[in-house]
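Heads up: the structure comes next, in structure tokens.
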Amino acid sequence: TRAEHSSEVTVTDPATKKSTTYPGGEPAGFIVEMENGFKLYHMGDTGIFGDMRLIGDYYKPDLIMIPIGGHFVMDPKDAAYATKEMLKPKFAIPFHYGTFPVLKGTPQEYQAALGQTTTQVFPISPGDKLQF
């Protein structure tokens, strides 16, 4: 699934609190490695694709932020397959659901499609905070 918009990344310097926004180009996901080695894979708008297995094997993300709404992005079944069979993270935050009528997938459907897994799923609402 190809999204028809662009992306950007905003980086805030912790010392100066100054933020700089950089164009990210076409729709893209980002792998961010923290100083302590914790790795986040923010998928952006995407459908399932074969290189997710490479991302899982090579980068070994601890946390994924995965779209589950369907229509423009993966549906819960595709997202569950990508999580369990390709990426194998410790934690997952489902997103891109419920914001438009066509994004019908839910965190409950995602969790049901995952079945038995070691991945902990954290459905969140806008403004929620999590600490890992």
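Labeling convention for the structure tokens: chains A, B, ... as they appear, residues from 1 per chain, ligands from 1 in order of appearance.
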Exercise: Phe91 in chain A partners within 12 Å, only C-alpha atoms, chain neighbours under 3 positions left out, as a ChimeraX atom specification: /A:38-41,60-66,83-84,87-88,94,117-123,130-132
Those in chain A with helix (DSSP H, G or I) from DSSP, as a ChimeraX atom specification: /A:51-59,76-87,107-114
Between CA of Ala28 in chain A and CA of Thr12 in chain A, distance in Å (one decimal):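 Computing the Euclidean distance for CA of Ala28 in chain A and CA of Thr12 in chain A yields 19.8 Å.
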Contact residues around Pro67 in chain A with only C-alpha atoms at 9 Å, ignoring same-chain residues under 4 positions, as a list in words: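 In the requested format, the answer is Met43, Gly44, Asp45, Thr46, Gly47, Val73, Met74, Asp75, Pro76, Ala79, Ile93, Pro94, Phe95, His96 and Tyr97 of chain A.
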Requested write-out: N, CA and C atoms of the selected residues, as a compact mmCIF listing (two decimals), in the first residue's frame:
```txt
# COMPACT_ATOMS: atom_id res chain seq x y z
N MET A 43 6.53 2.62 11.89
CA MET A 43 6.27 2.19 10.52
C MET A 43 5.62 3.23 9.63
N GLY A 44 5.03 4.26 10.19
CA GLY A 44 4.33 5.22 9.35
C GLY A 44 3.15 4.56 8.67
N ASP A 45 2.74 5.07 7.51
CA ASP A 45 1.66 4.47 6.71
C ASP A 45 2.26 3.39 5.84
N THR A 46 1.85 2.14 6.04
CA THR A 46 2.39 1.09 5.19
C THR A 46 1.49 -0.13 5.17
N GLY A 47 1.65 -0.90 4.14
CA GLY A 47 1.10 -2.24 4.07
C GLY A 47 2.21 -3.21 4.41
N VAL A 73 -3.65 1.36 5.19
CA VAL A 73 -2.54 0.71 5.90
C VAL A 73 -2.90 -0.75 6.16
N MET A 74 -2.03 -1.47 6.85
CA MET A 74 -2.33 -2.86 7.20
C MET A 74 -3.61 -2.95 8.01
N ASP A 75 -4.32 -4.07 7.84
CA ASP A 75 -5.44 -4.35 8.72
C ASP A 75 -4.91 -5.16 9.90
N PRO A 76 -5.73 -5.43 10.92
CA PRO A 76 -5.23 -6.15 12.09
C PRO A 76 -4.60 -7.51 11.77
N ALA A 79 -1.18 -6.88 10.16
CA ALA A 79 -0.30 -6.33 11.20
C ALA A 79 0.14 -7.41 12.18
N ILE A 93 2.87 -1.01 19.75
CA ILE A 93 1.85 0.02 19.93
C ILE A 93 1.09 0.12 18.61
N PRO A 94 -0.18 -0.33 18.59
CA PRO A 94 -0.96 -0.16 17.37
C PRO A 94 -1.39 1.29 17.20
N PHE A 95 -1.42 1.75 15.95
CA PHE A 95 -1.86 3.12 15.68
C PHE A 95 -2.48 3.18 14.29
N HIS A 96 -2.86 4.37 13.86
CA HIS A 96 -3.55 4.59 12.59
C HIS A 96 -4.83 3.76 12.51
N TYR A 97 -5.69 3.92 13.50
CA TYR A 97 -7.01 3.29 13.50
C TYR A 97 -7.99 4.27 14.14
```
Straight-line distance linking CA of Ile68 in chain A with CA of Gly105 in chain A, stated in Å to one decimal: 5.7 Å
For Lys77 in chain A, the nearest of the candidates A:Pro23, A:Gly115, A:Pro126, A:Gly37, counting only C-alpha atoms: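 Smallest separation from Lys77 in chain A among the options: A:Gly115.
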Residue set, chain A restricted to strand (DSSP E or B), as a ChimeraX atom specification: /A:7-12,19-25,30-33,39-42,63-67,91-95,120-121
Atom pair CA of Gly29 in chain A / CA of Val102 in chain A: separation (Å): 21.7 Å
Of the listed residues A:Tyr110, A:Phe100, A:Phe30, A:Tyr22, that which approaches Tyr59 in chain A most closely, counting only C-alpha atoms: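 Closest to Tyr59 in chain A of all the choices is A:Phe30.
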Gly50 in chain A environment, 9 Å, only C-alpha atoms, sequence neighbours closer than 3 positions dropped, as a list of chain:residue names: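 Near Gly50 in chain A, the qualifying residues are A:Arg53, A:Leu54, A:Met86.
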